[in-house]
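Everything below belongs to structure-v1.pdb, which stores PDB, C-alpha atoms.
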ATOM      1  CA  MET A  24     163.870  98.971 -15.173
ATOM      2  CA  SER A  25     164.995 101.243 -12.343
ATOM      3  CA  ARG A  26     167.131  99.988  -9.447
ATOM      4  CA  PHE A  27     164.121 100.466  -7.186
ATOM      5  CA  GLY A  28     162.043  98.276  -9.457
ATOM      6  CA  GLN A  29     164.697  95.580  -9.511
ATOM      7  CA  PHE A  30     164.909  95.657  -5.714
ATOM      8  CA  ALA A  31     161.149  95.481  -5.261
ATOM      9  CA  ARG A  32     160.773  92.575  -7.672
ATOM     10  CA  GLY A  33     163.600  90.705  -5.999
ATOM     11  CA  LEU A  34     162.122  91.284  -2.545
ATOM     12  CA  GLY A  35     158.741  90.011  -3.673
ATOM     13  CA  ARG A  36     160.159  86.537  -4.232
ATOM     14  CA  PHE A  37     160.600  86.044  -0.483
ATOM     15  CA  ILE A  38     157.281  87.383   0.832
ATOM     16  CA  PRO A  39     154.116  85.240   0.890
ATOM     17  CA  ALA A  40     151.208  86.854  -0.962
ATOM     18  CA  ASP A  41     148.845  86.475   2.006
ATOM     19  CA  ALA A  42     151.235  88.454   4.225
ATOM     20  CA  VAL A  43     150.997  91.585   2.095
ATOM     21  CA  ARG A  44     147.488  91.244   0.711
ATOM     22  CA  PRO A  45     146.102  93.823   3.241
ATOM     23  CA  LEU A  46     148.569  96.378   1.825
ATOM     24  CA  GLY A  47     147.036  96.227  -1.631
ATOM     25  CA  ARG A  48     145.594  99.291  -3.336
ATOM     26  CA  PRO A  49     144.244  99.891  -6.866
ATOM     27  CA  ALA A  50     146.882  99.543  -9.560
ATOM     28  CA  ALA A  51     147.377  99.597 -13.307
ATOM     29  CA  VAL A  52     149.505  96.897 -14.952
ATOM     30  CA  PHE A  53     150.599  96.557 -18.559
ATOM     31  CA  PHE A  54     152.151  94.297 -21.169
ATOM     32  CA  HIS A  55     153.057  94.721 -24.825
ATOM     33  CA  GLY A  56     152.721  91.736 -27.140
ATOM     34  CA  VAL A  57     152.105  87.991 -26.864
ATOM     35  CA  GLU A  58     153.727  85.374 -29.101
ATOM     36  CA  PRO A  59     153.227  81.591 -29.279
ATOM     37  CA  ALA A  60     156.975  81.401 -28.593
ATOM     38  CA  THR A  61     159.843  83.858 -28.934
ATOM     39  CA  GLN A  62     162.890  83.031 -31.013
ATOM     40  CA  ASP A  63     165.349  85.710 -29.865
ATOM     41  CA  ALA A  64     165.042  87.077 -26.322
ATOM     42  CA  ALA A  65     167.476  89.899 -27.061
ATOM     43  CA  LEU A  66     165.273  91.274 -29.840
ATOM     44  CA  GLN A  67     161.740  90.282 -28.830
ATOM     45  CA  THR A  68     161.954  92.040 -25.490
ATOM     46  CA  ASN A  69     158.381  93.350 -25.724
ATOM     47  CA  HIS A  70     156.639  89.988 -25.957
ATOM     48  CA  HIS A  71     155.327  87.414 -23.504
ATOM     49  CA  GLU A  72     155.114  83.784 -24.549
ATOM     50  CA  ALA A  73     151.502  82.631 -24.801
ATOM     51  CA  ASP A  74     151.574  79.962 -22.083
ATOM     52  CA  ASP A  75     153.238  82.351 -19.638
ATOM     53  CA  PHE A  76     150.788  85.117 -20.479
ATOM     54  CA  ALA A  77     147.842  82.759 -19.955
ATOM     55  CA  ALA A  78     149.239  82.008 -16.485
ATOM     56  CA  ILE A  79     149.430  85.746 -15.788
ATOM     57  CA  ALA A  80     145.821  86.175 -16.885
ATOM     58  CA  ARG A  81     144.686  83.352 -14.594
ATOM     59  CA  SER A  82     146.645  84.818 -11.683
ATOM     60  CA  LEU A  83     145.087  88.246 -12.184
ATOM     61  CA  LYS A  84     141.594  86.760 -12.340
ATOM     62  CA  THR A  85     142.179  84.648  -9.216
ATOM     63  CA  HIS A  86     143.762  87.266  -6.976
ATOM     64  CA  PHE A  87     142.385  90.621  -8.160
ATOM     65  CA  ASP A  88     139.316  92.460  -9.396
ATOM     66  CA  VAL A  89     140.252  93.289 -12.976
ATOM     67  CA  LEU A  90     138.093  96.242 -14.009
ATOM     68  CA  PRO A  91     137.415  98.099 -17.267
ATOM     69  CA  LEU A  92     138.953 101.538 -17.601
ATOM     70  CA  GLY A  93     135.490 103.056 -17.308
ATOM     71  CA  ALA A  94     135.564 102.186 -13.593
ATOM     72  CA  LEU A  95     138.684 104.273 -12.986
ATOM     73  CA  ASP A  96     136.789 107.432 -12.026
ATOM     74  CA  ASP A  97     134.997 105.685  -9.166
ATOM     75  CA  VAL A  98     138.104 103.799  -8.020
ATOM     76  CA  LEU A  99     140.166 106.985  -7.835
ATOM     77  CA  LYS A 100     137.519 108.704  -5.729
ATOM     78  CA  ALA A 101     137.688 105.992  -3.048
ATOM     79  CA  PRO A 102     140.804 103.848  -3.537
ATOM     80  CA  ASP A 103     140.580 102.301  -0.058
ATOM     81  CA  ARG A 104     137.273 100.731  -1.050
ATOM     82  CA  HIS A 105     138.917  98.945  -3.990
ATOM     83  CA  PRO A 106     142.080  97.370  -2.559
ATOM     84  CA  ARG A 107     142.158  94.551  -5.152
ATOM     85  CA  ALA A 108     141.229  96.612  -8.211
ATOM     86  CA  VAL A 109     143.540  96.208 -11.195
ATOM     87  CA  PHE A 110     143.359  97.833 -14.629
ATOM     88  CA  LEU A 111     145.017  95.725 -17.331
ATOM     89  CA  MET A 112     146.598  97.507 -20.291
ATOM     90  CA  SER A 113     148.653  96.796 -23.405
ATOM     91  CA  ASP A 114     150.999  99.261 -25.103
ATOM     92  CA  ASP A 115     152.143  99.884 -28.681
ATOM     93  CA  GLY A 116     149.518  98.003 -30.739
ATOM     94  CA  TYR A 117     151.281  94.877 -31.956
ATOM     95  CA  ALA A 118     149.304  92.648 -34.311
ATOM     96  CA  ASN A 119     149.665  89.756 -31.897
ATOM     97  CA  THR A 120     147.410  91.523 -29.392
ATOM     98  CA  PHE A 121     144.657  90.688 -31.884
ATOM     99  CA  THR A 122     145.814  87.198 -32.835
ATOM    100  CA  MET A 123     146.997  85.994 -29.386
ATOM    101  CA  ALA A 124     146.416  88.260 -26.380
ATOM    102  CA  ALA A 125     142.774  89.034 -27.108
ATOM    103  CA  GLY A 126     141.764  85.369 -27.158
ATOM    104  CA  ILE A 127     143.596  84.573 -23.924
ATOM    105  CA  LEU A 128     142.010  87.506 -22.118
ATOM    106  CA  ALA A 129     138.565  86.756 -23.552
ATOM    107  CA  ALA A 130     138.801  83.190 -22.268
ATOM    108  CA  GLU A 131     139.340  84.577 -18.755
ATOM    109  CA  GLU A 132     136.722  87.296 -19.293
ATOM    110  CA  LEU A 133     139.219  90.015 -18.393
ATOM    111  CA  PRO A 134     138.633  93.598 -19.580
ATOM    112  CA  TRP A 135     141.626  95.509 -20.886
ATOM    113  CA  THR A 136     142.731  98.717 -22.578
ATOM    114  CA  LEU A 137     144.919  98.923 -25.673
ATOM    115  CA  PHE A 138     147.161 101.966 -26.201
ATOM    116  CA  VAL A 139     148.229 102.333 -29.836
ATOM    117  CA  SER A 140     150.920 104.446 -31.486
ATOM    118  CA  THR A 141     148.884 105.703 -34.397
ATOM    119  CA  HIS A 142     151.700 106.401 -36.887
ATOM    120  CA  HIS A 143     152.664 102.735 -36.702
ATOM    121  CA  ILE A 144     149.055 101.633 -37.212
ATOM    122  CA  ASP A 145     148.804 104.004 -40.185
ATOM    123  CA  THR A 146     152.035 102.859 -41.866
ATOM    124  CA  GLY A 147     153.095  99.499 -40.426
ATOM    125  CA  GLU A 148     156.498 101.038 -39.750
ATOM    126  CA  ARG A 149     158.365  99.018 -37.117
ATOM    127  CA  ASN A 150     159.167 100.337 -33.664
ATOM    128  CA  PRO A 151     162.379 102.401 -34.004
ATOM    129  CA  ILE A 152     163.935 100.831 -30.913
ATOM    130  CA  PHE A 153     163.406  97.359 -32.347
ATOM    131  CA  LEU A 154     165.125  98.441 -35.584
ATOM    132  CA  ALA A 155     168.018  99.941 -33.629
ATOM    133  CA  ARG A 156     168.454  96.792 -31.550
ATOM    134  CA  LEU A 157     168.185  94.620 -34.669
ATOM    135  CA  PHE A 158     170.936  96.683 -36.271
ATOM    136  CA  ALA A 159     173.148  96.460 -33.183
ATOM    137  CA  HIS A 160     172.741  92.686 -32.947
ATOM    138  CA  ARG A 161     172.570  91.578 -36.580
ATOM    139  CA  ALA A 162     174.398  94.120 -38.796
ATOM    140  CA  PRO A 163     177.824  92.977 -40.000
ATOM    141  CA  ALA A 164     180.699  93.783 -37.668
ATOM    142  CA  GLY A 165     182.323  97.103 -38.387
ATOM    143  CA  ARG A 166     182.428 100.798 -37.686
ATOM    144  CA  TYR A 167     179.353 102.804 -38.661
ATOM    145  CA  ALA A 168     178.934 106.566 -38.875
ATOM    146  CA  VAL A 169     175.301 107.089 -37.884
ATOM    147  CA  PRO A 170     173.772 110.562 -38.310
ATOM    148  CA  HIS A 171     173.346 112.553 -35.073
ATOM    149  CA  LEU A 172     175.206 110.082 -32.838
ATOM    150  CA  PRO A 173     178.124 111.603 -30.887
ATOM    151  CA  GLN A 174     180.662 109.105 -32.273
ATOM    152  CA  PRO A 175     180.791 106.251 -34.801
ATOM    153  CA  LEU A 176     179.193 103.030 -33.632
ATOM    154  CA  GLU A 177     181.513 100.045 -33.267
ATOM    155  CA  LEU A 178     179.889  96.645 -33.739
ATOM    156  CA  GLY A 179     182.043  93.746 -32.679
ATOM    157  CA  ALA A 180     181.694  90.903 -30.219
ATOM    158  CA  GLU A 181     179.808  92.733 -27.435
ATOM    159  CA  ARG A 182     176.545  93.281 -29.286
ATOM    160  CA  GLU A 183     174.183  93.673 -26.305
ATOM    161  CA  ALA A 184     176.393  96.341 -24.737
ATOM    162  CA  ALA A 185     176.453  98.164 -28.075
ATOM    163  CA  ALA A 186     172.658  97.875 -28.339
ATOM    164  CA  GLN A 187     172.093  99.346 -24.897
ATOM    165  CA  GLN A 188     174.480 102.242 -25.554
ATOM    166  CA  LEU A 189     172.820 102.901 -28.908
ATOM    167  CA  VAL A 190     169.323 103.005 -27.429
ATOM    168  CA  TRP A 191     170.314 105.486 -24.728
ATOM    169  CA  GLN A 192     172.014 107.723 -27.280
ATOM    170  CA  LEU A 193     168.933 107.683 -29.490
ATOM    171  CA  ARG A 194     166.606 108.520 -26.609
ATOM    172  CA  ALA A 195     168.641 111.669 -25.975
ATOM    173  CA  LEU A 196     167.833 112.951 -29.470
ATOM    174  CA  ASP A 197     164.869 114.916 -30.704
ATOM    175  CA  MET A 198     162.422 112.679 -32.550
ATOM    176  CA  ILE A 199     163.291 113.869 -36.065
ATOM    177  CA  SER A 200     167.035 113.348 -35.552
ATOM    178  CA  ALA A 201     166.408 109.956 -33.989
ATOM    179  CA  GLN A 202     164.236 108.973 -36.929
ATOM    180  CA  GLU A 203     166.989 109.930 -39.359
ATOM    181  CA  ALA A 204     169.508 107.913 -37.354
ATOM    182  CA  VAL A 205     167.267 104.832 -37.312
ATOM    183  CA  GLU A 206     166.541 105.128 -41.027
ATOM    184  CA  ALA A 207     170.292 105.225 -41.717
ATOM    185  CA  MET A 208     170.792 102.061 -39.667
ATOM    186  CA  ALA A 209     167.813 100.310 -41.255
ATOM    187  CA  ALA A 210     169.334 100.923 -44.681
ATOM    188  CA  HIS A 211     172.057  98.434 -43.721
ATOM    189  CA  LEU A 212     169.503  95.718 -42.883
ATOM    190  CA  ASP A 213     168.170  93.160 -45.352
ATOM    191  CA  PRO A 214     164.343  93.468 -45.431
ATOM    192  CA  ALA A 215     164.228  89.684 -45.126
ATOM    193  CA  LEU A 216     165.887  90.006 -41.735
ATOM    194  CA  VAL A 217     163.164  92.348 -40.523
ATOM    195  CA  ALA A 218     160.550  89.946 -41.877
ATOM    196  CA  GLN A 219     161.977  87.169 -39.683
ATOM    197  CA  PHE A 220     160.275  88.868 -36.724
ATOM    198  CA  PRO A 221     156.525  89.011 -37.430
ATOM    199  CA  SER A 222     156.083  89.686 -33.706
ATOM    200  CA  GLU A 223     157.049  93.298 -34.437
ATOM    201  CA  ALA A 224     154.240  93.893 -36.946
ATOM    202  CA  PHE A 225     151.539  96.350 -35.916
ATOM    203  CA  LEU A 226     147.768  96.121 -35.986
ATOM    204  CA  THR A 227     145.697  97.496 -38.849
ATOM    205  CA  TRP A 228     142.824  99.874 -38.227
ATOM    206  CA  PRO A 229     140.219  97.177 -39.044
ATOM    207  CA  GLN A 230     141.823  95.016 -36.332
ATOM    208  CA  VAL A 231     141.780  97.911 -33.873
ATOM    209  CA  ARG A 232     138.103  98.484 -34.628
ATOM    210  CA  ALA A 233     137.371  94.780 -34.159
ATOM    211  CA  LEU A 234     139.027  94.852 -30.742
ATOM    212  CA  GLU A 235     137.048  97.934 -29.757
ATOM    213  CA  GLN A 236     133.826  96.300 -30.890
ATOM    214  CA  SER A 237     134.657  93.291 -28.712
ATOM    215  CA  GLY A 238     134.850  95.551 -25.651
ATOM    216  CA  VAL A 239     138.515  96.622 -25.576
ATOM    217  CA  GLU A 240     138.971 100.309 -24.793
ATOM    218  CA  ILE A 241     141.361 102.087 -27.166
ATOM    219  CA  GLY A 242     143.746 104.718 -25.859
ATOM    220  CA  ALA A 243     146.626 106.670 -27.387
ATOM    221  CA  HIS A 244     150.322 105.834 -27.083
ATOM    222  CA  ALA A 245     151.454 108.976 -28.942
ATOM    223  CA  HIS A 246     151.551 109.261 -32.723
ATOM    224  CA  ARG A 247     155.109 108.007 -33.134
ATOM    225  CA  HIS A 248     156.566 105.708 -30.501
ATOM    226  CA  TRP A 249     159.199 108.015 -29.068
ATOM    227  CA  PRO A 250     159.940 109.511 -25.624
ATOM    228  CA  MET A 251     158.099 112.729 -24.871
ATOM    229  CA  ASN A 252     161.068 114.105 -22.968
ATOM    230  CA  GLU A 253     162.933 117.376 -22.591
ATOM    231  CA  PHE A 254     164.716 116.839 -25.918
ATOM    232  CA  GLN A 255     161.453 117.278 -27.855
ATOM    233  CA  SER A 256     160.074 120.665 -28.872
ATOM    234  CA  PRO A 257     156.780 121.882 -27.388
ATOM    235  CA  ALA A 258     155.228 121.775 -30.861
ATOM    236  CA  MET A 259     156.295 118.141 -31.319
ATOM    237  CA  LEU A 260     154.884 117.187 -27.933
ATOM    238  CA  ARG A 261     151.560 118.811 -28.767
ATOM    239  CA  GLU A 262     151.439 116.949 -32.076
ATOM    240  CA  GLN A 263     152.285 113.628 -30.395
ATOM    241  CA  ALA A 264     149.378 114.037 -27.988
ATOM    242  CA  ALA A 265     146.758 115.663 -30.206
ATOM    243  CA  ARG A 266     147.351 113.825 -33.469
ATOM    244  CA  SER A 267     147.131 110.374 -31.898
ATOM    245  CA  ARG A 268     143.787 111.215 -30.273
ATOM    246  CA  ALA A 269     142.451 112.659 -33.512
ATOM    247  CA  ARG A 270     143.428 109.559 -35.491
ATOM    248  CA  ILE A 271     141.779 107.207 -32.972
ATOM    249  CA  GLU A 272     138.607 109.260 -32.844
ATOM    250  CA  CYS A 273     138.486 109.326 -36.631
ATOM    251  CA  GLU A 274     139.060 105.585 -37.062
ATOM    252  CA  VAL A 275     137.499 104.061 -33.945
ATOM    253  CA  GLY A 276     135.673 106.418 -31.586
ATOM    254  CA  PRO A 277     136.193 108.284 -28.303
ATOM    255  CA  CYS A 278     139.688 108.280 -26.805
ATOM    256  CA  ARG A 279     140.064 109.453 -23.207
ATOM    257  CA  ALA A 280     143.351 107.941 -21.978
ATOM    258  CA  PHE A 281     147.002 108.302 -22.974
ATOM    259  CA  ALA A 282     150.082 106.198 -22.174
ATOM    260  CA  TYR A 283     153.529 107.732 -22.631
ATOM    261  CA  PRO A 284     156.020 105.794 -24.777
ATOM    262  CA  PHE A 285     158.744 104.430 -22.470
ATOM    263  CA  GLY A 286     157.069 106.464 -19.721
ATOM    264  CA  ASN A 287     159.717 106.465 -17.002
ATOM    265  CA  LYS A 288     161.730 109.266 -15.416
ATOM    266  CA  GLY A 289     163.565 111.053 -18.208
ATOM    267  CA  ASP A 290     160.945 110.012 -20.781
ATOM    268  CA  VAL A 291     158.188 112.472 -19.804
ATOM    269  CA  SER A 292     158.671 116.209 -19.450
ATOM    270  CA  ARG A 293     156.557 118.892 -17.790
ATOM    271  CA  GLU A 294     155.536 120.102 -21.236
ATOM    272  CA  ALA A 295     154.554 116.556 -22.225
ATOM    273  CA  TRP A 296     151.933 115.958 -19.562
ATOM    274  CA  ARG A 297     150.547 119.432 -20.138
ATOM    275  CA  ALA A 298     150.274 118.643 -23.851
ATOM    276  CA  VAL A 299     148.335 115.497 -22.954
ATOM    277  CA  ARG A 300     146.047 117.495 -20.669
ATOM    278  CA  ASP A 301     145.495 120.183 -23.282
ATOM    279  CA  ALA A 302     144.739 117.588 -25.985
ATOM    280  CA  GLY A 303     141.605 116.652 -24.040
ATOM    281  CA  TYR A 304     142.513 113.368 -22.390
ATOM    282  CA  ASP A 305     141.195 112.505 -18.946
ATOM    283  CA  TYR A 306     144.204 110.436 -17.852
ATOM    284  CA  GLY A 307     147.847 109.858 -18.712
ATOM    285  CA  PHE A 308     149.780 106.752 -17.650
ATOM    286  CA  THR A 309     153.512 106.447 -17.028
ATOM    287  CA  THR A 310     155.626 103.357 -16.324
ATOM    288  CA  LEU A 311     156.674 104.258 -12.789
ATOM    289  CA  SER A 312     155.422 101.678 -10.315
ATOM    290  CA  GLY A 313     152.904 102.736  -7.685
ATOM    291  CA  THR A 314     149.210 102.643  -6.864
ATOM    292  CA  LEU A 315     146.309 104.747  -8.100
ATOM    293  CA  ASP A 316     145.057 107.657  -6.029
ATOM    294  CA  ALA A 317     142.961 110.715  -6.859
ATOM    295  CA  ARG A 318     145.485 112.943  -5.072
ATOM    296  CA  ALA A 319     148.003 112.222  -7.818
ATOM    297  CA  ASN A 320     148.344 114.207 -11.030
ATOM    298  CA  PRO A 321     145.830 112.407 -13.298
ATOM    299  CA  PHE A 322     148.178 112.875 -16.253
ATOM    300  CA  LEU A 323     151.112 111.164 -14.503
ATOM    301  CA  LEU A 324     149.509 108.018 -13.118
ATOM    302  CA  PRO A 325     151.731 105.010 -12.295
ATOM    303  CA  ARG A 326     151.671 101.571 -13.931
ATOM    304  CA  PHE A 327     153.454  98.293 -13.280
ATOM    305  CA  ALA A 328     155.160  96.360 -16.098
ATOM    306  CA  LEU A 329     154.212  92.680 -16.021
ATOM    307  CA  GLU A 330     157.197  90.352 -15.915
ATOM    308  CA  PRO A 331     157.573  87.506 -18.448
ATOM    309  CA  LYS A 332     156.156  84.977 -15.965
ATOM    310  CA  ALA A 333     153.420  85.135 -13.310
ATOM    311  CA  SER A 334     155.503  84.016 -10.342
ATOM    312  CA  HIS A 335     155.059  86.246  -7.282
ATOM    313  CA  LEU A 336     152.616  88.500  -9.143
ATOM    314  CA  PRO A 337     150.080  88.757  -6.257
ATOM    315  CA  THR A 338     152.871  89.784  -3.885
ATOM    316  CA  LEU A 339     154.401  92.298  -6.290
ATOM    317  CA  ILE A 340     151.120  94.064  -7.036
ATOM    318  CA  SER A 341     150.277  94.223  -3.333
ATOM    319  CA  LEU A 342     153.647  95.882  -2.681
ATOM    320  CA  LEU A 343     153.273  98.556  -5.351
ATOM    321  CA  ARG A 344     152.333 101.211  -2.790
ATOM    322  CA  THR A 345     155.992 101.180  -1.675
ATOM    323  CA  GLY A 346     156.727 103.038  -4.916
ATOM    324  CA  ASN A 347     154.297 105.869  -4.173
ATOM    325  CA  PRO A 348     156.821 108.227  -2.512
ATOM    326  CA  ARG A 349     159.037 108.021  -5.602
ATOM    327  CA  VAL A 350     156.076 108.697  -7.888
ATOM    328  CA  ALA A 351     154.931 111.631  -5.727
ATOM    329  CA  ARG A 352     158.395 113.212  -5.740
ATOM    330  CA  TRP A 353     158.577 112.938  -9.507
ATOM    331  CA  GLN A 354     155.122 114.432  -9.945
ATOM    332  CA  ARG A 355     156.116 117.392  -7.768
ATOM    333  CA  GLU A 356     159.258 117.896  -9.861
ATOM    334  CA  LEU A 357     157.112 118.112 -12.995
ATOM    335  CA  ALA A 358     154.384 120.293 -11.494
TER     336      ALA A 358
END
How does the structure come out when it is put into C-alpha cells?
Amino acid sequence: MSRFGQFARGLGRFIPADAVRPLGRPAAVFFHGVEPATQDAALQTNHHEADDFAAIARSLKTHFDVLPLGALDDVLKAPDRHPRAVFLMSDDGYANTFTMAAGILAAEELPWTLFVSTHHIDTGERNPIFLARLFAHRAPAGRYAVPHLPQPLELGAEREAAAQQLVWQLRALDMISAQEAVEAMAAHLDPALVAQFPSEAFLTWPQVRALEQSGVEIGAHAHRHWPMNEFQSPAMLREQAARSRARIECEVGPCRAFAYPFGNKGDVSREAWRAVRDAGYDYGFTTLSGTLDARANPFLLPRFALEPKASHLPTLISLLRTGNPRVARWQRELA
C-alpha cells in the first residue's frame, strides 16, 4: 500500500461516516479470497476471514448501492447521479471464491465481478508471489543463489524483511526470468508444505462457469499473474492481455473487463494499457484508489482494496475522491 493509502485509511478512523457521505462518488472495490480462518497471516495475505468478510458485505449493502458491472457504462456517463454506487470485484480466481465468498455475497444479494488469471485456472499453478513468500519464510536458513537475482538470498532470523526484499526484486524482472527464479526457489520446498495452504488453490473452469451461470461477471486478470510493467516486452504484454480474454471467451463467454495484476504505480506501463485496449476490452482496472469518472482513461480506472475488517468502510469509500488527483497525474504520465 502506498503512503497516501496508509494516510487516508488512518484518517478515516477519526471521521464519522455521516460527515463525509455527501462527498461520495461511484467507486470500485476489490478483495481476493475468503477463508473460514487463516492460519498464517504472513503467508495468507490475500485472504479475508469469513466472518470479517460477511461484515464487509453487510456494510456494503447497508451503506451503498452495489451494482453489477453492466451498470458501469451508465454510471460513468453521469457519476454525480450515482454518489453511492459501488462495484464489487475479486481478483486472481482462488477456489475459495467459489466455496466461501460466493455464498456470503449471494446471501446479501450482492452482484460482483471475478477477475481470473487464466494460466492458473488452466494449470492450478500457485501464485508466484505466494511461492516466493513461502520460500522466504519456510525454507531452511542459509544462503541461496537464485537465478536472475542481483545477489544471493540470505535467509536467517529476519524472514519478513527477506520476503519483502525478494518480492521487490522479482517484480523488477521480466516475467520469464521471474518464473525461472520462482521455480528454482520452489524446488527447495516440500510439496507437503505447499499443500498446507489450500487457500492458495485456484478455481477450475467448471467452477468458473458455475459462478458465471449464477450471475457473476467474469473478467481477465492477465494470463499469468505478473506485473505488466516496463520490464516486460511489448509482445509479452500483448499476450498477457489477449490470451486471457481468449481463454475466458472459449471456456465461459464474453469478457469485457480487465484488472491488472498488482495494478499500482510501477506495475502498469503505457504499453500495458494499450495492449489491454487493443485486445478488445472495454475497461481496465488498477489498484490506485480513487472514484470512477468518464473523463478518466477507461483502461486505467481506480479501485480500492478492501481491508481485512469492515471498520470505517463507509467513511473510507466516501473519501476515495481525495485520491483522484494522484490517479489523474499517473494517467497523464502514461498517456
**OP:** Give me the result of the PyMOL selection byres ((chain A and resi 324) around 6) on this file, residue by residue, as a PyMOL selection string.
**Re:** chain A and resi 308-309+321-323+325
Create the file for the chosen residues now, containing C-alpha atoms and written as a tab-separated table (two decimals), keeping the file's coordinate frame.
chain	number	residue	atom	x	y	z
A	308	PHE	CA	149.78	106.75	-17.65
A	309	THR	CA	153.51	106.45	-17.03
A	321	PRO	CA	145.83	112.41	-13.30
A	322	PHE	CA	148.18	112.88	-16.25
A	323	LEU	CA	151.11	111.16	-14.50
A	325	PRO	CA	151.73	105.01	-12.30
Original post:
Could you name the residues that touch A:Leu178 at 12 Å or less, counting all atoms listed in the file, but leaving out those on the same chain fewer than 6 positions away, as a VMD selection string?
Top reply: chain A and resid 156 to 168 184 to 186 188 to 189
Proximity of stretch 138-211 of chain A to stretch 265-274 of chain A: per-residue shortest pair, 10 Å limit, all atoms listed in the file, as JSON lines:
{"residue": "A:Val139", "atom": "CA", "partner": "A:Ser267", "partner_atom": "CA", "distance": 8.4}
{"residue": "A:Ser140", "atom": "CA", "partner": "A:Ser267", "partner_atom": "CA", "distance": 7.0}
{"residue": "A:Thr141", "atom": "CA", "partner": "A:Ser267", "partner_atom": "CA", "distance": 5.6}
{"residue": "A:His142", "atom": "CA", "partner": "A:Ser267", "partner_atom": "CA", "distance": 7.8}
{"residue": "A:Ile144", "atom": "CA", "partner": "A:Arg270", "partner_atom": "CA", "distance": 9.9}
{"residue": "A:Asp145", "atom": "CA", "partner": "A:Arg270", "partner_atom": "CA", "distance": 9.0}
Dump C-alpha atoms for the selected residues as a PDB file, in the frame of the given file?
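Saved result, again-v1.pdb, follows:
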ATOM      1  CA  VAL A 139     148.229 102.333 -29.836  1.00  0.00           C
ATOM      2  CA  SER A 140     150.920 104.446 -31.486  1.00  0.00           C
ATOM      3  CA  THR A 141     148.884 105.703 -34.397  1.00  0.00           C
ATOM      4  CA  HIS A 142     151.700 106.401 -36.887  1.00  0.00           C
ATOM      5  CA  ILE A 144     149.055 101.633 -37.212  1.00  0.00           C
ATOM      6  CA  ASP A 145     148.804 104.004 -40.185  1.00  0.00           C
TER       7      ASP A 145
END
**OP:** Pick out the closest residue to A:Arg194 from this set: A:Pro173, A:Glu235, A:Gly289, A:Phe153. Count only C-alpha atoms.
**Re:** A:Gly289
Original post:
Selected by the PyMOL selection byres ((chain A and resi 358) around 10) in the shown coordinates: which residues, as a PyMOL selection string?
Top reply: chain A and resi 292-294+296-297+320+352-357
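Closest approach to A:Val98 among A:Ala118, A:His55, A:Asp316, A:Gln263: A:Asp316, based on only C-alpha atoms.
Proximity of A:Ala218, A:Ala125, A:Met112, A:Val275 to A:Leu154, computed with all atoms listed in the file, is greatest for A:Ala218.
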Original post:
On this structure, which residues satisfy the PyMOL selection byres ((chain A and resi 130-138) around 9), written as JSON, numbers by chain?
Top reply: {"A": [77, 80, 81, 83, 84, 89, 90, 91, 92, 110, 111, 112, 113, 114, 115, 116, 120, 125, 126, 127, 128, 129, 139, 140, 231, 234, 235, 238, 239, 240, 241, 242, 243, 244, 245, 280, 281, 282]}
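From atom CA of A:Ala155 back to atom CA of A:Glu177, the distance works out to 13.5 Å.
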Dump stretch 242-251 of chain A with N, CA, C and O atoms to a file, as a PDB file, in the first residue's frame.
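Written out: out-v8.pdb:
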ATOM      1  N   GLY A 242     -14.113 -11.480 -15.608  1.00  0.00           N
ATOM      2  CA  GLY A 242     -13.153 -10.645 -16.307  1.00  0.00           C
ATOM      3  C   GLY A 242     -11.768 -11.266 -16.261  1.00  0.00           C
ATOM      4  O   GLY A 242     -11.552 -12.296 -15.613  1.00  0.00           O
ATOM      5  N   ALA A 243     -10.830 -10.651 -16.955  1.00  0.00           N
ATOM      6  CA  ALA A 243      -9.468 -11.181 -17.065  1.00  0.00           C
ATOM      7  C   ALA A 243      -8.524 -10.472 -16.105  1.00  0.00           C
ATOM      8  O   ALA A 243      -8.619  -9.258 -15.900  1.00  0.00           O
ATOM      9  N   HIS A 244      -7.616 -11.241 -15.547  1.00  0.00           N
ATOM     10  CA  HIS A 244      -6.582 -10.730 -14.631  1.00  0.00           C
ATOM     11  C   HIS A 244      -5.209 -11.123 -15.182  1.00  0.00           C
ATOM     12  O   HIS A 244      -4.335 -11.551 -14.441  1.00  0.00           O
ATOM     13  N   ALA A 245      -5.085 -10.996 -16.506  1.00  0.00           N
ATOM     14  CA  ALA A 245      -3.904 -11.417 -17.271  1.00  0.00           C
ATOM     15  C   ALA A 245      -3.853 -12.947 -17.358  1.00  0.00           C
ATOM     16  O   ALA A 245      -4.617 -13.643 -16.686  1.00  0.00           O
ATOM     17  N   HIS A 246      -2.966 -13.448 -18.205  1.00  0.00           N
ATOM     18  CA  HIS A 246      -2.833 -14.901 -18.319  1.00  0.00           C
ATOM     19  C   HIS A 246      -2.046 -15.434 -17.128  1.00  0.00           C
ATOM     20  O   HIS A 246      -2.543 -16.246 -16.357  1.00  0.00           O
ATOM     21  N   ARG A 247      -0.845 -14.954 -16.945  1.00  0.00           N
ATOM     22  CA  ARG A 247      -0.070 -15.269 -15.744  1.00  0.00           C
ATOM     23  C   ARG A 247      -0.137 -14.083 -14.785  1.00  0.00           C
ATOM     24  O   ARG A 247      -0.105 -12.926 -15.225  1.00  0.00           O
ATOM     25  N   HIS A 248      -0.194 -14.372 -13.514  1.00  0.00           N
ATOM     26  CA  HIS A 248      -0.291 -13.305 -12.515  1.00  0.00           C
ATOM     27  C   HIS A 248       1.094 -12.685 -12.312  1.00  0.00           C
ATOM     28  O   HIS A 248       1.884 -13.122 -11.477  1.00  0.00           O
ATOM     29  N   TRP A 249       1.337 -11.645 -13.113  1.00  0.00           N
ATOM     30  CA  TRP A 249       2.631 -10.957 -13.027  1.00  0.00           C
ATOM     31  C   TRP A 249       2.453  -9.495 -13.425  1.00  0.00           C
ATOM     32  O   TRP A 249       1.582  -9.182 -14.253  1.00  0.00           O
ATOM     33  N   PRO A 250       3.238  -8.579 -12.865  1.00  0.00           N
ATOM     34  CA  PRO A 250       3.085  -7.162 -13.227  1.00  0.00           C
ATOM     35  C   PRO A 250       3.243  -6.942 -14.728  1.00  0.00           C
ATOM     36  O   PRO A 250       4.104  -7.552 -15.372  1.00  0.00           O
ATOM     37  N   MET A 251       2.443  -6.061 -15.261  1.00  0.00           N
ATOM     38  CA  MET A 251       2.546  -5.686 -16.669  1.00  0.00           C
ATOM     39  C   MET A 251       3.270  -4.341 -16.736  1.00  0.00           C
ATOM     40  O   MET A 251       2.734  -3.329 -17.172  1.00  0.00           O
TER      41      MET A 251
END
